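One structure below.
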Protein chains: 2
Amino acid sequence: MLKGHLDAVLLATIGDEALHGYAIIEAIRARSGGHFDLPEGTIYPALHRLELAGLLASRWVQPDGGRKRRVYALTDGGRQSLVERRAGWQSFASGIDLVLGARA
Amino acid sequence: MLKGHLDAVLLATIGDEALHGYAIIEAIRARSGGHFDLPEGTIYPALHRLELAGLLASRWVQPDGGRKRRVYALTDGGRQSLVERRAGWQSFASGIDLVLGARA
DNA sequence: GTCTGAAGCCTAGTGTTACTAGGTATAACT
DNA sequence: AGTTATACCTAGTAACACTAGGCTTCAGAC
């Protein structure tokens, strides 16, 4: 449960790499130290939503051996949005920290 | 928008003080350094939900001058839940930090 | 050679959450 | 008398991420 921060997580995970959906799930699991193991039903609709919003662009890729993949990359708007969302997260987290008296 | 952490914020804000709804809003605004200014339509239903869940107990108080207030205090279960939610928040926040590459 | 599991994509439906947008009442100040 | 702050409440709603399915392709086991 990413609680409203899924978009930031997706944008940050894709970063400059251009990943496909299945790889994004694995990357999030790895980069979060196992904290987040997102089901496909969570990320695919989110990727579509972000593409519709113009933050991601996708293309189909046929690798040598293996089946076709849909690969996502950040658009300029996506990079911009990532910067904003990162700042938003830091602001949000520091607010919660203050109230909870944790890490403050 | 507290994104799933509203309950933790409410429990932490009430703490050992026994506050009424309106005062909780002000306390959250003050303790969060202005980050969070929650509308009443957010906190009253949440307080009811937490009371129904057995984490809060309320009683009506008639102060000298001024109108009646419904005052909320943590139950034992609420204190227990607060401990768990604080830990949950720290775990969640560190996961997001890792993925976003912020504060990590 | 077929069967199983992993890789890979997808959607419909659902429950939770916190929001908006109202309503009501009392007390203090002007 | 009217406004503002205090104080409580609810119905309806939109967003979000989840569950629970379905589909295809490829590699390896038996």
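For the structure tokens, the naming scheme is as follows: chains receive sequential letters (A, B, ...) according to their order of presentation, residues are indexed from 1 within each chain, and ligands are indexed from 1 in presentation order.
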task: Show me which bits of chain D are within 7 Å of chain A, counting only C-alpha atoms (C1' of nucleotides), as a ChimeraX atom specification.
output: /D:16-18,25-26
Okay, now the selection with N, CA, C and O atoms (P, O5', C5', C4', C3', O3' and C1' of nucleotides), as a PDB file, in the first residue's frame?
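The result, written out as again02.pdb:
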ATOM      1  P    DC D  16      -5.293   9.641  -7.610  1.00  0.00           P
ATOM      2  O5'  DC D  16      -4.805   8.444  -6.714  1.00  0.00           O
ATOM      3  C5'  DC D  16      -5.018   8.480  -5.301  1.00  0.00           C
ATOM      4  C4'  DC D  16      -5.162   7.081  -4.785  1.00  0.00           C
ATOM      5  C3'  DC D  16      -4.292   6.064  -5.518  1.00  0.00           C
ATOM      6  O3'  DC D  16      -3.200   5.758  -4.680  1.00  0.00           O
ATOM      7  C1'  DC D  16      -6.478   5.220  -4.989  1.00  0.00           C
ATOM      8  P    DA D  17      -1.902   5.022  -5.317  1.00  0.00           P
ATOM      9  O5'  DA D  17      -2.146   3.509  -4.914  1.00  0.00           O
ATOM     10  C5'  DA D  17      -2.347   3.197  -3.565  1.00  0.00           C
ATOM     11  C4'  DA D  17      -3.029   1.864  -3.432  1.00  0.00           C
ATOM     12  C3'  DA D  17      -2.288   0.717  -4.135  1.00  0.00           C
ATOM     13  O3'  DA D  17      -2.253  -0.381  -3.266  1.00  0.00           O
ATOM     14  C1'  DA D  17      -4.547   0.765  -4.799  1.00  0.00           C
ATOM     15  P    DC D  18      -1.277  -1.600  -3.528  1.00  0.00           P
ATOM     16  O5'  DC D  18      -2.268  -2.841  -3.340  1.00  0.00           O
ATOM     17  C5'  DC D  18      -3.012  -2.936  -2.130  1.00  0.00           C
ATOM     18  C4'  DC D  18      -4.381  -3.550  -2.378  1.00  0.00           C
ATOM     19  C3'  DC D  18      -4.321  -4.945  -2.992  1.00  0.00           C
ATOM     20  O3'  DC D  18      -4.383  -5.920  -1.973  1.00  0.00           O
ATOM     21  C1'  DC D  18      -6.049  -3.576  -3.991  1.00  0.00           C
ATOM     22  P    DT D  25       1.175 -16.040 -28.333  1.00  0.00           P
ATOM     23  O5'  DT D  25       2.587 -16.129 -27.606  1.00  0.00           O
ATOM     24  C5'  DT D  25       3.284 -14.934 -27.315  1.00  0.00           C
ATOM     25  C4'  DT D  25       4.497 -15.251 -26.445  1.00  0.00           C
ATOM     26  C3'  DT D  25       5.402 -16.343 -27.013  1.00  0.00           C
ATOM     27  O3'  DT D  25       6.720 -15.837 -26.971  1.00  0.00           O
ATOM     28  C1'  DT D  25       4.894 -16.790 -24.762  1.00  0.00           C
ATOM     29  P    DC D  26       7.804 -16.518 -27.999  1.00  0.00           P
ATOM     30  O5'  DC D  26       8.802 -17.231 -26.971  1.00  0.00           O
ATOM     31  C5'  DC D  26       9.434 -16.441 -25.963  1.00  0.00           C
ATOM     32  C4'  DC D  26       9.853 -17.321 -24.806  1.00  0.00           C
ATOM     33  C3'  DC D  26      10.733 -18.509 -25.185  1.00  0.00           C
ATOM     34  O3'  DC D  26      12.012 -18.311 -24.598  1.00  0.00           O
ATOM     35  C1'  DC D  26       9.053 -19.092 -23.583  1.00  0.00           C
TER      36       DC D  26
END
message: Tell me as an NGL selection string which residues belonging to chain A come within 10 Å of chain B, counting only C-alpha atoms.
response: :A and (1-6 or 8-13 or 15 or 27-36 or 82 or 85-87 or 89-103)
task: Using only C-alpha atoms (C1' of nucleotides), find the one residue out of C:DA6, C:DA21, C:DT14, C:DT26 that sits nearest to chain B.
output: C:DT26
- request: Any chance you could list, as a PyMOL selection string, the residues in chain A that come up strand (DSSP E) when DSSP is run on the backbone?
  value: chain A and resi 19-20+56-61+69-74
Using only N, CA and C atoms, please write the residues we just selected to a file, as a PDB file, in the first residue's frame.
ATOM      1  N   LEU A  19      12.231   1.187 -18.258  1.00  0.00           N
ATOM      2  CA  LEU A  19      11.939  -0.183 -17.836  1.00  0.00           C
ATOM      3  C   LEU A  19      10.565  -0.618 -18.310  1.00  0.00           C
ATOM      4  N   HIS A  20      10.369  -1.935 -18.363  1.00  0.00           N
ATOM      5  CA  HIS A  20       9.023  -2.449 -18.615  1.00  0.00           C
ATOM      6  C   HIS A  20       8.377  -2.826 -17.287  1.00  0.00           C
ATOM      7  N   LEU A  56       4.773   9.759 -18.733  1.00  0.00           N
ATOM      8  CA  LEU A  56       5.528   8.618 -19.239  1.00  0.00           C
ATOM      9  C   LEU A  56       5.219   8.449 -20.720  1.00  0.00           C
ATOM     10  N   ALA A  57       6.175   7.859 -21.432  1.00  0.00           N
ATOM     11  CA  ALA A  57       5.937   7.466 -22.817  1.00  0.00           C
ATOM     12  C   ALA A  57       6.338   6.010 -22.943  1.00  0.00           C
ATOM     13  N   SER A  58       5.554   5.230 -23.680  1.00  0.00           N
ATOM     14  CA  SER A  58       5.843   3.803 -23.801  1.00  0.00           C
ATOM     15  C   SER A  58       6.082   3.423 -25.252  1.00  0.00           C
ATOM     16  N   ARG A  59       6.868   2.371 -25.439  1.00  0.00           N
ATOM     17  CA  ARG A  59       6.992   1.764 -26.769  1.00  0.00           C
ATOM     18  C   ARG A  59       7.169   0.265 -26.575  1.00  0.00           C
ATOM     19  N   TRP A  60       6.753  -0.478 -27.617  1.00  0.00           N
ATOM     20  CA  TRP A  60       6.877  -1.942 -27.562  1.00  0.00           C
ATOM     21  C   TRP A  60       8.238  -2.348 -28.077  1.00  0.00           C
ATOM     22  N   VAL A  61       8.871  -3.268 -27.354  1.00  0.00           N
ATOM     23  CA  VAL A  61      10.203  -3.719 -27.712  1.00  0.00           C
ATOM     24  C   VAL A  61      10.183  -5.239 -27.831  1.00  0.00           C
ATOM     25  N   ARG A  69       7.785  -6.617 -24.899  1.00  0.00           N
ATOM     26  CA  ARG A  69       7.630  -5.857 -23.669  1.00  0.00           C
ATOM     27  C   ARG A  69       7.230  -4.437 -23.992  1.00  0.00           C
ATOM     28  N   ARG A  70       6.471  -3.878 -23.075  1.00  0.00           N
ATOM     29  CA  ARG A  70       6.150  -2.457 -23.210  1.00  0.00           C
ATOM     30  C   ARG A  70       7.061  -1.701 -22.262  1.00  0.00           C
ATOM     31  N   VAL A  71       7.878  -0.846 -22.823  1.00  0.00           N
ATOM     32  CA  VAL A  71       8.933  -0.170 -22.071  1.00  0.00           C
ATOM     33  C   VAL A  71       8.549   1.284 -21.853  1.00  0.00           C
ATOM     34  N   TYR A  72       8.699   1.721 -20.616  1.00  0.00           N
ATOM     35  CA  TYR A  72       8.301   3.074 -20.237  1.00  0.00           C
ATOM     36  C   TYR A  72       9.513   3.946 -19.940  1.00  0.00           C
ATOM     37  N   ALA A  73       9.437   5.191 -20.378  1.00  0.00           N
ATOM     38  CA  ALA A  73      10.485   6.168 -20.066  1.00  0.00           C
ATOM     39  C   ALA A  73       9.820   7.470 -19.641  1.00  0.00           C
ATOM     40  N   LEU A  74      10.531   8.252 -18.865  1.00  0.00           N
ATOM     41  CA  LEU A  74      10.017   9.540 -18.438  1.00  0.00           C
ATOM     42  C   LEU A  74       9.996  10.514 -19.612  1.00  0.00           C
TER      43      LEU A  74
END
message: Should the cut-off be 9 Å, what would the residue list for chain C against chain A look like, counting only C-alpha atoms (C1' of nucleotides), as a list in words?
response: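 Taken together, these residues fit the definition: DA7, DG8, DC9, DC10 and DT11 of chain C.
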task: Per DSSP on the backbone, filter chain A down to the residues in helix (DSSP H, G or I) and report them as a PyMOL selection string.
output: chain A and resi 6-14+21-31+40-52+76-100
message: So the first atom is C1' of DT4 (chain D) and the second is CA of Leu47 (chain B); what is the distance between them in Å, to one decimal place?
response: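 Separation between C1' of DT4 (chain D) and CA of Leu47 (chain B): 26.1 Å.
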query: Which of these, D:DA5, D:DA11, D:DA29, D:DC23, has the shortest distance to DA27 (chain C) once you count only C-alpha atoms (C1' of nucleotides)?
result: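 Of D:DA5, D:DA11, D:DA29, D:DC23, the one nearest DA27 (chain C), counting only C-alpha atoms (C1' of nucleotides), is D:DA5.
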- prompt: Quick one: of D:DC30, D:DC9, D:DA20, D:DA15, who's nearest to DG22 (chain C), counting only C-alpha atoms (C1' of nucleotides)?
  reply: D:DC9
